[in-house]
file work05.tsv (TSV, C-alpha atoms)
chain	number	residue	atom	x	y	z
A	1	MET	CA	-11.56	-13.70	-16.14
A	2	LEU	CA	-13.09	-14.85	-12.87
A	3	VAL	CA	-11.01	-15.45	-9.77
A	4	ARG	CA	-12.15	-19.08	-9.82
A	5	GLU	CA	-10.56	-19.45	-13.27
A	6	ILE	CA	-7.28	-18.19	-11.83
A	7	ARG	CA	-7.58	-20.85	-9.15
A	8	ASP	CA	-8.17	-23.53	-11.78
A	9	ILE	CA	-5.43	-22.41	-14.18
A	10	LEU	CA	-2.84	-22.24	-11.40
A	11	GLU	CA	-4.18	-25.34	-9.60
A	12	ALA	CA	-4.24	-23.09	-6.56
A	13	GLU	CA	-5.49	-23.61	-3.05
A	14	ILE	CA	-7.95	-21.07	-1.67
A	15	VAL	CA	-6.65	-19.77	1.65
A	16	THR	CA	-9.45	-17.29	2.26
A	17	GLY	CA	-12.15	-15.49	0.33
A	18	GLU	CA	-14.25	-18.34	-1.04
A	19	THR	CA	-17.10	-15.89	-1.56
A	20	GLY	CA	-14.94	-13.79	-3.88
A	21	LEU	CA	-14.37	-16.51	-6.48
A	22	ASP	CA	-16.84	-14.88	-8.84
A	23	TYR	CA	-15.09	-11.51	-8.83
A	24	GLU	CA	-14.29	-10.52	-12.37
A	25	VAL	CA	-10.70	-9.40	-12.89
A	26	LYS	CA	-9.15	-8.01	-16.04
A	27	SER	CA	-5.51	-7.40	-15.29
A	28	ALA	CA	-2.73	-8.42	-12.93
A	29	CYS	CA	0.66	-7.39	-11.63
A	30	GLY	CA	3.52	-9.70	-10.67
A	31	SER	CA	6.05	-8.31	-8.18
A	32	ASP	CA	7.96	-9.00	-5.00
A	33	MET	CA	8.60	-5.30	-4.51
A	34	MET	CA	5.64	-3.60	-2.87
A	35	SER	CA	7.14	-0.14	-3.45
A	36	ASP	CA	6.90	-0.81	-7.19
A	37	VAL	CA	3.33	-2.04	-6.85
A	38	LEU	CA	2.44	1.25	-5.15
A	39	ALA	CA	4.29	3.19	-7.84
A	40	PHE	CA	3.19	1.47	-11.03
A	41	VAL	CA	-0.10	-0.30	-10.49
A	42	LYS	CA	-3.14	1.56	-11.67
A	43	ASP	CA	-6.08	-0.67	-12.30
A	44	GLN	CA	-4.77	-4.18	-11.85
A	45	SER	CA	-6.90	-6.25	-9.55
A	46	VAL	CA	-4.69	-9.31	-9.01
A	47	LEU	CA	-1.29	-9.31	-7.30
A	48	ILE	CA	1.05	-12.24	-7.95
A	49	THR	CA	3.90	-12.38	-5.47
A	50	GLY	CA	6.27	-14.60	-3.54
A	51	LEU	CA	6.18	-12.41	-0.43
A	52	ILE	CA	3.89	-13.48	2.39
A	53	ASN	CA	4.13	-10.67	4.98
A	54	PRO	CA	1.14	-8.54	6.09
A	55	GLN	CA	2.34	-5.56	4.05
A	56	VAL	CA	1.48	-7.49	0.89
A	57	VAL	CA	-2.16	-7.50	1.96
A	58	ARG	CA	-2.04	-3.86	3.04
A	59	THR	CA	-0.50	-2.89	-0.29
A	60	ALA	CA	-3.19	-4.79	-2.18
A	61	GLU	CA	-5.83	-3.12	-0.04
A	62	MET	CA	-4.44	0.35	-0.80
A	63	MET	CA	-4.58	-0.44	-4.51
A	64	ASP	CA	-8.14	-1.85	-4.38
A	65	MET	CA	-6.93	-5.26	-5.54
A	66	ARG	CA	-9.33	-8.20	-5.19
A	67	CYS	CA	-7.02	-11.20	-5.19
A	68	ILE	CA	-3.46	-12.12	-4.19
A	69	VAL	CA	-1.75	-15.21	-5.59
A	70	PHE	CA	1.22	-16.49	-3.57
A	71	VAL	CA	3.63	-18.38	-5.82
A	72	ARG	CA	6.43	-20.89	-5.19
A	73	GLY	CA	4.31	-22.81	-2.67
A	74	LYS	CA	4.50	-20.02	-0.09
A	75	LYS	CA	1.85	-20.10	2.65
A	76	PRO	CA	0.90	-16.98	4.61
A	77	ASP	CA	0.44	-17.17	8.37
A	78	ALA	CA	-2.78	-16.59	10.30
A	79	SER	CA	-2.25	-12.83	10.76
A	80	VAL	CA	-1.96	-12.33	7.00
A	81	VAL	CA	-5.00	-14.49	6.33
A	82	SER	CA	-7.18	-12.62	8.83
A	83	LEU	CA	-6.07	-9.25	7.44
A	84	ALA	CA	-7.10	-10.36	3.95
A	85	ALA	CA	-10.40	-11.78	5.18
A	86	GLU	CA	-11.16	-8.48	6.90
A	87	GLY	CA	-10.50	-6.60	3.66
A	88	GLY	CA	-12.46	-9.05	1.48
A	89	ILE	CA	-9.37	-10.04	-0.50
A	90	VAL	CA	-9.11	-13.56	-1.95
A	91	LEU	CA	-5.86	-15.36	-1.14
A	92	LEU	CA	-4.66	-18.18	-3.40
A	93	CYS	CA	-1.53	-20.34	-3.10
A	94	THR	CA	0.09	-22.09	-6.04
A	95	ASP	CA	3.20	-24.20	-6.42
A	96	TYR	CA	4.03	-22.54	-9.75
A	97	ARG	CA	6.91	-20.08	-9.78
A	98	MET	CA	6.32	-16.43	-10.58
A	99	PHE	CA	7.29	-16.51	-14.27
A	100	VAL	CA	5.20	-19.56	-15.08
A	101	ALA	CA	2.21	-18.36	-13.04
A	102	CYS	CA	2.23	-15.01	-14.84
A	103	GLY	CA	2.72	-16.71	-18.21
A	104	LEU	CA	-0.16	-19.11	-17.70
A	105	LEU	CA	-2.57	-16.34	-16.68
A	106	TYR	CA	-1.43	-14.08	-19.54
A	107	SER	CA	-1.83	-16.84	-22.09
A	108	HIS	CA	-5.37	-17.39	-20.83
A	109	GLY	CA	-6.25	-13.74	-21.44
A	110	LEU	CA	-5.44	-11.90	-18.23
A	111	GLN	CA	-3.80	-8.61	-19.18
A	112	GLY	CA	-1.04	-6.57	-17.59
A	113	GLY	CA	-2.95	-3.29	-17.48
A	114	ALA	CA	-2.11	-0.02	-19.18
A	115	LEU	CA	1.40	1.34	-19.00
A	116	LYS	CA	1.52	4.12	-16.47
A	117	LYS	CA	4.10	6.88	-16.33
B	118	MET	CA	-9.25	8.57	17.19
B	119	ILE	CA	-11.37	11.54	16.17
B	120	GLU	CA	-9.91	14.58	17.95
B	121	ASN	CA	-12.75	16.97	17.27
B	122	ASP	CA	-15.40	17.53	14.71
B	123	LYS	CA	-15.83	21.14	13.64
B	124	LYS	CA	-18.24	22.06	10.93
B	125	ASP	CA	-17.04	20.43	7.70
B	126	GLU	CA	-13.79	19.29	9.27
B	127	MET	CA	-12.74	15.97	10.74
B	128	ARG	CA	-9.42	15.38	12.47
B	129	PHE	CA	-7.82	12.04	13.12
B	130	HIS	CA	-4.71	11.22	15.09
B	131	TYR	CA	-2.73	7.99	15.12
B	132	ASP	CA	0.38	6.73	16.87
B	133	VAL	CA	2.56	4.83	14.45
B	134	PRO	CA	4.58	2.21	16.36
B	135	GLY	CA	8.17	1.92	15.22
B	136	ASP	CA	9.07	-1.48	16.53
B	137	ASP	CA	6.57	-3.57	14.63
B	138	PHE	CA	6.54	-3.52	10.86
B	139	THR	CA	3.48	-5.76	10.73
B	140	HIS	CA	1.29	-2.90	11.96
B	141	ALA	CA	2.63	-0.31	9.52
B	142	GLY	CA	-0.25	0.86	7.39
B	143	GLU	CA	-3.00	0.63	10.00
B	144	ALA	CA	-3.44	4.42	10.11
B	145	SER	CA	-3.62	4.66	6.32
B	146	GLY	CA	-6.07	1.78	6.18
B	147	ASN	CA	-8.27	3.53	8.71
B	148	VAL	CA	-8.18	6.82	6.80
B	149	LYS	CA	-9.10	4.93	3.65
B	150	LYS	CA	-12.19	3.49	5.35
B	151	VAL	CA	-13.21	6.93	6.60
B	152	LEU	CA	-12.80	8.51	3.16
B	153	LYS	CA	-14.87	5.73	1.61
B	154	GLN	CA	-17.61	6.22	4.18
B	155	LEU	CA	-17.58	9.95	3.50
B	156	GLY	CA	-18.05	9.32	-0.20
B	157	PHE	CA	-14.85	10.79	-1.64
B	158	SER	CA	-13.98	9.79	-5.21
B	159	PRO	CA	-11.86	6.65	-5.77
B	160	ASP	CA	-9.07	8.83	-7.20
B	161	VAL	CA	-8.89	11.06	-4.11
B	162	ILE	CA	-9.05	8.03	-1.82
B	163	ARG	CA	-6.31	6.24	-3.70
B	164	ARG	CA	-3.95	9.22	-3.89
B	165	THR	CA	-4.40	10.02	-0.21
B	166	THR	CA	-4.00	6.52	1.12
B	167	ILE	CA	-1.04	5.52	-1.05
B	168	SER	CA	0.83	8.68	-0.02
B	169	MET	CA	0.01	8.24	3.64
B	170	TYR	CA	0.92	4.55	3.53
B	171	GLU	CA	4.31	5.32	1.98
B	172	GLY	CA	4.87	7.93	4.69
B	173	GLU	CA	3.89	5.52	7.43
B	174	ILE	CA	6.24	2.87	6.07
B	175	ASN	CA	9.04	5.45	5.92
B	176	MET	CA	8.46	6.42	9.55
B	177	VAL	CA	8.64	2.81	10.64
B	178	ILE	CA	11.73	2.01	8.55
B	179	HIS	CA	13.77	5.12	9.22
B	180	ALA	CA	12.49	6.94	12.29
B	181	GLY	CA	11.31	4.35	14.79
B	182	GLY	CA	7.70	5.39	14.31
B	183	GLY	CA	5.96	8.65	15.03
B	184	GLU	CA	2.52	10.15	14.73
B	185	ALA	CA	0.15	10.64	11.83
B	186	LYS	CA	-2.63	13.18	11.54
B	187	ALA	CA	-5.35	13.55	8.95
B	188	ILE	CA	-7.53	16.62	8.54
B	189	ILE	CA	-10.43	16.00	6.20
B	190	THR	CA	-12.59	18.73	4.70
B	191	PRO	CA	-14.81	18.67	1.61
B	192	GLU	CA	-12.17	20.70	-0.30
B	193	LYS	CA	-8.95	18.91	0.64
B	194	ILE	CA	-7.27	16.31	2.78
B	195	ASP	CA	-4.17	17.20	4.77
B	196	ILE	CA	-1.89	14.50	6.09
B	197	PHE	CA	0.85	15.21	8.63
B	198	LEU	CA	3.53	12.66	9.49
B	199	ILE	CA	5.69	13.67	12.41
B	200	ASP	CA	8.68	11.78	13.77
B	201	ASN	CA	11.65	12.29	16.05
B	202	GLY	CA	13.98	10.19	13.92
B	203	PRO	CA	17.40	10.94	12.47
B	204	GLY	CA	16.17	13.47	9.88
B	205	ILE	CA	16.99	13.50	6.17
B	206	PRO	CA	20.48	14.87	5.43
B	207	ASP	CA	19.83	15.55	1.72
B	208	VAL	CA	16.15	15.91	0.79
B	209	ASN	CA	16.85	16.38	-2.93
B	210	LEU	CA	18.76	13.10	-3.00
B	211	ALA	CA	16.00	11.35	-1.04
B	212	MET	CA	13.45	12.57	-3.60
B	213	GLN	CA	15.25	10.79	-6.44
B	214	GLU	CA	13.58	7.62	-7.68
B	215	GLY	CA	15.63	4.60	-6.71
B	216	TYR	CA	17.62	6.25	-3.93
B	217	SER	CA	17.16	4.41	-0.66
B	218	THR	CA	18.98	3.93	2.62
B	219	ALA	CA	16.67	1.13	3.78
B	220	PRO	CA	18.48	-1.91	5.21
B	221	ASP	CA	18.38	-5.33	3.54
B	222	LYS	CA	15.87	-6.72	6.04
B	223	ILE	CA	13.37	-4.08	4.88
B	224	ARG	CA	14.08	-4.82	1.20
B	225	ALA	CA	13.34	-8.46	1.94
B	226	LEU	CA	9.85	-7.35	2.98
B	227	GLY	CA	9.25	-5.63	-0.35
B	228	PHE	CA	10.13	-2.04	0.49
B	229	GLY	CA	13.19	0.14	0.14
B	230	ALA	CA	13.12	0.55	-3.63
B	231	GLY	CA	13.58	4.29	-3.31
B	232	MET	CA	10.05	5.03	-4.47
B	233	GLY	CA	8.48	6.25	-1.23
B	234	LEU	CA	9.07	10.00	-1.37
B	235	PRO	CA	8.75	10.16	-5.21
B	236	ASN	CA	5.40	8.37	-4.89
B	237	MET	CA	4.26	10.80	-2.21
B	238	LYS	CA	5.15	13.71	-4.47
B	239	LYS	CA	3.49	12.13	-7.49
B	240	TYR	CA	0.20	11.33	-5.82
B	241	THR	CA	-0.32	14.54	-3.82
B	242	ASP	CA	-0.99	18.12	-4.88
B	243	ASP	CA	1.44	19.52	-2.35
B	244	LEU	CA	4.30	17.98	-0.40
B	245	GLU	CA	6.31	19.84	2.23
B	246	ILE	CA	9.17	18.28	4.16
B	247	GLU	CA	10.69	19.92	7.20
B	248	THR	CA	13.65	18.00	8.50
B	249	VAL	CA	16.48	18.57	10.95
B	250	VAL	CA	19.27	16.03	11.18
B	251	GLY	CA	19.28	14.47	14.62
B	252	LYS	CA	15.87	15.93	15.53
B	253	GLY	CA	13.25	14.56	13.19
B	254	THR	CA	11.06	15.10	10.18
B	255	THR	CA	7.60	16.49	9.53
B	256	VAL	CA	5.94	15.69	6.24
B	257	HIS	CA	2.81	17.60	5.20
B	258	MET	CA	0.87	16.38	2.18
B	259	THR	CA	-2.26	17.84	0.66
B	260	VAL	CA	-4.67	16.15	-1.71
B	261	LYS	CA	-7.18	18.54	-3.23
B	262	VAL	CA	-10.70	17.42	-3.99
B	263	ASP	CA	-11.72	18.38	-7.52

call {"tool": "encode", "arguments": {"input": "work05.tsv", "output": "structure tokens"}}
result
Amino acid sequence: MLVREIRDILEAEIVTGETGLDYEVKSACGSDMMSDVLAFVKDQSVLITGLINPQVVRTAEMMDMRCIVFVRGKKPDASVVSLAAEGGIVLLCTDYRMFVACGLLYSHGLQGGALKK
Amino acid sequence: MIENDKKDEMRFHYDVPGDDFTHAGEASGNVKKVLKQLGFSPDVIRRTTISMYEGEINMVIHAGGGEAKAIITPEKIDIFLIDNGPGIPDVNLAMQEGYSTAPDKIRALGFGAGMGLPNMKKYTDDLEIETVVGKGTTVHMTVKVD
């Protein structure tokens, strides 16, 4: 799936990273707990979250993720946006809540990634 | 930030501020960029930076900041995290997944799930913790390059 398809499916607004809309992504992770993202994510390239602090971007950067989707209509501030822009990470905002956003993407073929122990 | 540059060895030093959570992770992010530039494998880069990031976050949450050092050689990467915080009273307990003493305001930021030290152990080849209650903690992690 391309990042632009995520934008379309979730009727999302692009906050930064227009040039990354053609990134291909295969799996995603939905979490508001960054510690768990660091512990359990292996090869997921999209992070779906309701948190909007800079550590979300840093966590995504550590995990080589390409795109962050902020759910529940949350909007990150300028410091978060510039951090993402610097790291080449696409930021999207959607009004959908976490469960529905994840469900929509999953039903369109985006996977959850392999289970990791 | 480069302290010196011996043959096949690079040393980096960072101050980790304790009063501003928004900057936590800058040192790890910098080390990640350096490792990428040096051409280390994605696995080595990932294991090193996740472990260092967790350590940095811990220093900010629990110890009011500290200092981070990275020593990079072709064979291994050593990370040192040194703080003058309250120390860890029971290291075995702190190593258990899910155990955390982080306050609610930190949990609200997405940390404090009790995965920091377990993650650091999981992703590194060697983890040593020296801690004295009331004095501080030094964490030494090694990631070997295959």

call {"tool": "closest_atom_pairs", "arguments": {"input": "work05.tsv", "of": "chain B", "to": "chain A", "cutoff": "8 Å", "atoms": "only C-alpha atoms", "output": "tab-separated table"}}
result
residue	atom	partner	partner_atom	distance
B:Thr139	CA	A:Pro54	CA	5.9
B:Ala141	CA	A:Gln55	CA	7.6
B:Gly142	CA	A:Arg58	CA	6.7
B:Gly146	CA	A:Met62	CA	7.3
B:Lys149	CA	A:Met62	CA	7.9
B:Arg163	CA	A:Met62	CA	6.8
B:Thr166	CA	A:Met62	CA	6.5
B:Ile167	CA	A:Met62	CA	6.2
B:Arg224	CA	A:Met33	CA	7.9
B:Leu226	CA	A:Asn53	CA	6.9
B:Gly227	CA	A:Met33	CA	4.2
B:Phe228	CA	A:Ser35	CA	5.3
B:Gly229	CA	A:Ser35	CA	7.0
B:Ala230	CA	A:Ser35	CA	6.0
B:Gly231	CA	A:Ser35	CA	7.8
B:Met232	CA	A:Ser35	CA	6.0
B:Gly233	CA	A:Ser35	CA	6.9
B:Asn236	CA	A:Ala39	CA	6.1

call {"tool": "atom_distance", "arguments": {"input": "work05.tsv", "atom1": "atom CA of B:Ile178", "atom2": "atom CA of B:Gly135"}}
result
7.6 Å

call {"tool": "closest_residue", "arguments": {"input": "work05.tsv", "among": "B:Glu184, B:Asp195, B:Glu126, B:Asp136", "to": "B:Ser168", "atoms": "only C-alpha atoms"}}
result
B:Asp195

call {"tool": "closest_residue", "arguments": {"input": "work05.tsv", "among": "B:Arg128, B:Lys252, B:Lys153, B:Lys239", "to": "B:Ile189", "atoms": "only C-alpha atoms"}}
result
B:Arg128

call {"tool": "residues_around", "arguments": {"input": "work05.tsv", "residues": "B:Val260", "least_positions_apart": "2", "cutoff": "12 Å", "atoms": "only C-alpha atoms", "output": "MDAnalysis selection string"}}
result
chainID B and resid 157:158 160:169 187:197 237:244 257:258 262:263

call {"tool": "atom_distance", "arguments": {"input": "work05.tsv", "atom1": "atom CA of B:Gly253", "atom2": "atom CA of B:Asp207"}}
result
13.3 Å

call {"tool": "residues_around", "arguments": {"input": "work05.tsv", "residues": "B:Glu143", "least_positions_apart": "5", "cutoff": "9 Å", "atoms": "all atoms listed in the file", "output": "PyMOL selection string"}}
result
(chain A and resi 58) or (chain B and resi 131+133+148+170+173)

call {"tool": "closest_residue", "arguments": {"input": "work05.tsv", "among": "B:Asp125, B:Glu214, B:Asp132, B:Glu247", "to": "B:Gly181", "atoms": "all atoms listed in the file"}}
result
B:Asp132

call {"tool": "closest_residue", "arguments": {"input": "work05.tsv", "among": "A:Glu5, A:Arg66, A:Leu10, A:Tyr23", "to": "A:Ala84", "atoms": "all atoms listed in the file"}}
result
A:Arg66

call {"tool": "atom_distance", "arguments": {"input": "work05.tsv", "atom1": "atom CA of B:Pro203", "atom2": "atom CA of B:Val249"}}
result
7.8 Å

call {"tool": "residues_around", "arguments": {"input": "work05.tsv", "residues": "B:Gly202", "least_positions_apart": "6", "cutoff": "9 Å", "atoms": "all atoms listed in the file", "output": "list of chain:residue names"}}
result
B:Met176, B:His179, B:Ala180, B:Gly181, B:Gly182, B:Gly183, B:Val250, B:Gly251, B:Lys252, B:Gly253, B:Thr254

call {"tool": "build_atoms", "arguments": {"input": "work05.tsv", "residues": "stretch 52-84 of chain A", "atoms": "N, CA and C atoms", "output": "PDB file, in the frame of the given file"}}
result
ATOM      1  N   ILE A  52       5.080 -13.066   1.623  1.00  0.00           N
ATOM      2  CA  ILE A  52       3.890 -13.480   2.390  1.00  0.00           C
ATOM      3  C   ILE A  52       3.749 -12.677   3.681  1.00  0.00           C
ATOM      4  N   ASN A  53       4.269 -11.462   3.734  1.00  0.00           N
ATOM      5  CA  ASN A  53       4.130 -10.670   4.980  1.00  0.00           C
ATOM      6  C   ASN A  53       2.851  -9.816   4.920  1.00  0.00           C
ATOM      7  N   PRO A  54       2.418  -9.289   6.055  1.00  0.00           N
ATOM      8  CA  PRO A  54       1.140  -8.540   6.090  1.00  0.00           C
ATOM      9  C   PRO A  54       1.134  -7.316   5.180  1.00  0.00           C
ATOM     10  N   GLN A  55       2.310  -6.754   4.899  1.00  0.00           N
ATOM     11  CA  GLN A  55       2.340  -5.560   4.050  1.00  0.00           C
ATOM     12  C   GLN A  55       1.902  -5.855   2.617  1.00  0.00           C
ATOM     13  N   VAL A  56       1.980  -7.117   2.216  1.00  0.00           N
ATOM     14  CA  VAL A  56       1.480  -7.490   0.890  1.00  0.00           C
ATOM     15  C   VAL A  56      -0.029  -7.258   0.836  1.00  0.00           C
ATOM     16  N   VAL A  57      -0.706  -7.684   1.909  1.00  0.00           N
ATOM     17  CA  VAL A  57      -2.160  -7.500   1.960  1.00  0.00           C
ATOM     18  C   VAL A  57      -2.502  -6.015   2.073  1.00  0.00           C
ATOM     19  N   ARG A  58      -1.758  -5.309   2.901  1.00  0.00           N
ATOM     20  CA  ARG A  58      -2.040  -3.860   3.040  1.00  0.00           C
ATOM     21  C   ARG A  58      -1.826  -3.138   1.714  1.00  0.00           C
ATOM     22  N   THR A  59      -0.770  -3.522   1.013  1.00  0.00           N
ATOM     23  CA  THR A  59      -0.500  -2.890  -0.290  1.00  0.00           C
ATOM     24  C   THR A  59      -1.649  -3.172  -1.257  1.00  0.00           C
ATOM     25  N   ALA A  60      -2.082  -4.425  -1.290  1.00  0.00           N
ATOM     26  CA  ALA A  60      -3.190  -4.790  -2.180  1.00  0.00           C
ATOM     27  C   ALA A  60      -4.453  -4.009  -1.815  1.00  0.00           C
ATOM     28  N   GLU A  61      -4.655  -3.843  -0.520  1.00  0.00           N
ATOM     29  CA  GLU A  61      -5.830  -3.120  -0.040  1.00  0.00           C
ATOM     30  C   GLU A  61      -5.777  -1.655  -0.497  1.00  0.00           C
ATOM     31  N   MET A  62      -4.604  -1.052  -0.385  1.00  0.00           N
ATOM     32  CA  MET A  62      -4.440   0.350  -0.800  1.00  0.00           C
ATOM     33  C   MET A  62      -4.754   0.520  -2.292  1.00  0.00           C
ATOM     34  N   MET A  63      -4.420  -0.529  -3.058  1.00  0.00           N
ATOM     35  CA  MET A  63      -4.580  -0.440  -4.510  1.00  0.00           C
ATOM     36  C   MET A  63      -5.927  -1.003  -4.987  1.00  0.00           C
ATOM     37  N   ASP A  64      -6.819  -1.299  -4.050  1.00  0.00           N
ATOM     38  CA  ASP A  64      -8.140  -1.850  -4.380  1.00  0.00           C
ATOM     39  C   ASP A  64      -8.060  -3.161  -5.158  1.00  0.00           C
ATOM     40  N   MET A  65      -7.062  -3.966  -4.852  1.00  0.00           N
ATOM     41  CA  MET A  65      -6.930  -5.260  -5.540  1.00  0.00           C
ATOM     42  C   MET A  65      -7.869  -6.278  -4.898  1.00  0.00           C
ATOM     43  N   ARG A  66      -8.339  -7.241  -5.684  1.00  0.00           N
ATOM     44  CA  ARG A  66      -9.330  -8.200  -5.190  1.00  0.00           C
ATOM     45  C   ARG A  66      -8.737  -9.544  -4.817  1.00  0.00           C
ATOM     46  N   CYS A  67      -7.549  -9.850  -5.351  1.00  0.00           N
ATOM     47  CA  CYS A  67      -7.020 -11.200  -5.190  1.00  0.00           C
ATOM     48  C   CYS A  67      -5.483 -11.171  -5.139  1.00  0.00           C
ATOM     49  N   ILE A  68      -4.921 -11.962  -4.244  1.00  0.00           N
ATOM     50  CA  ILE A  68      -3.460 -12.120  -4.190  1.00  0.00           C
ATOM     51  C   ILE A  68      -3.142 -13.591  -4.432  1.00  0.00           C
ATOM     52  N   VAL A  69      -2.200 -13.844  -5.340  1.00  0.00           N
ATOM     53  CA  VAL A  69      -1.750 -15.210  -5.590  1.00  0.00           C
ATOM     54  C   VAL A  69      -0.328 -15.336  -5.047  1.00  0.00           C
ATOM     55  N   PHE A  70      -0.125 -16.229  -4.094  1.00  0.00           N
ATOM     56  CA  PHE A  70       1.220 -16.490  -3.570  1.00  0.00           C
ATOM     57  C   PHE A  70       1.833 -17.628  -4.385  1.00  0.00           C
ATOM     58  N   VAL A  71       2.987 -17.376  -4.957  1.00  0.00           N
ATOM     59  CA  VAL A  71       3.630 -18.380  -5.820  1.00  0.00           C
ATOM     60  C   VAL A  71       4.705 -19.143  -5.036  1.00  0.00           C
ATOM     61  N   ARG A  72       5.315 -20.091  -5.734  1.00  0.00           N
ATOM     62  CA  ARG A  72       6.430 -20.890  -5.190  1.00  0.00           C
ATOM     63  C   ARG A  72       6.038 -21.665  -3.926  1.00  0.00           C
ATOM     64  N   GLY A  73       4.756 -21.992  -3.805  1.00  0.00           N
ATOM     65  CA  GLY A  73       4.310 -22.810  -2.670  1.00  0.00           C
ATOM     66  C   GLY A  73       4.325 -22.107  -1.332  1.00  0.00           C
ATOM     67  N   LYS A  74       4.445 -20.778  -1.357  1.00  0.00           N
ATOM     68  CA  LYS A  74       4.500 -20.020  -0.090  1.00  0.00           C
ATOM     69  C   LYS A  74       3.117 -20.010   0.577  1.00  0.00           C
ATOM     70  N   LYS A  75       3.118 -20.124   1.891  1.00  0.00           N
ATOM     71  CA  LYS A  75       1.850 -20.100   2.650  1.00  0.00           C
ATOM     72  C   LYS A  75       1.889 -18.970   3.675  1.00  0.00           C
ATOM     73  N   PRO A  76       0.919 -18.078   3.633  1.00  0.00           N
ATOM     74  CA  PRO A  76       0.900 -16.980   4.610  1.00  0.00           C
ATOM     75  C   PRO A  76       0.455 -17.478   5.981  1.00  0.00           C
ATOM     76  N   ASP A  77       0.859 -16.747   7.032  1.00  0.00           N
ATOM     77  CA  ASP A  77       0.440 -17.170   8.370  1.00  0.00           C
ATOM     78  C   ASP A  77      -0.942 -16.590   8.716  1.00  0.00           C
ATOM     79  N   ALA A  78      -1.413 -16.928   9.914  1.00  0.00           N
ATOM     80  CA  ALA A  78      -2.780 -16.590  10.300  1.00  0.00           C
ATOM     81  C   ALA A  78      -3.045 -15.074  10.305  1.00  0.00           C
ATOM     82  N   SER A  79      -2.030 -14.280  10.688  1.00  0.00           N
ATOM     83  CA  SER A  79      -2.250 -12.830  10.760  1.00  0.00           C
ATOM     84  C   SER A  79      -2.494 -12.252   9.354  1.00  0.00           C
ATOM     85  N   VAL A  80      -1.795 -12.792   8.383  1.00  0.00           N
ATOM     86  CA  VAL A  80      -1.960 -12.330   7.000  1.00  0.00           C
ATOM     87  C   VAL A  80      -3.334 -12.751   6.479  1.00  0.00           C
ATOM     88  N   VAL A  81      -3.707 -13.975   6.800  1.00  0.00           N
ATOM     89  CA  VAL A  81      -5.000 -14.490   6.330  1.00  0.00           C
ATOM     90  C   VAL A  81      -6.152 -13.676   6.924  1.00  0.00           C
ATOM     91  N   SER A  82      -6.068 -13.354   8.222  1.00  0.00           N
ATOM     92  CA  SER A  82      -7.180 -12.620   8.830  1.00  0.00           C
ATOM     93  C   SER A  82      -7.248 -11.187   8.311  1.00  0.00           C
ATOM     94  N   LEU A  83      -6.085 -10.600   8.019  1.00  0.00           N
ATOM     95  CA  LEU A  83      -6.070  -9.250   7.440  1.00  0.00           C
ATOM     96  C   LEU A  83      -6.762  -9.245   6.069  1.00  0.00           C
ATOM     97  N   ALA A  84      -6.485 -10.271   5.282  1.00  0.00           N
ATOM     98  CA  ALA A  84      -7.100 -10.360   3.950  1.00  0.00           C
ATOM     99  C   ALA A  84      -8.605 -10.607   4.064  1.00  0.00           C
TER     100      ALA A  84
END
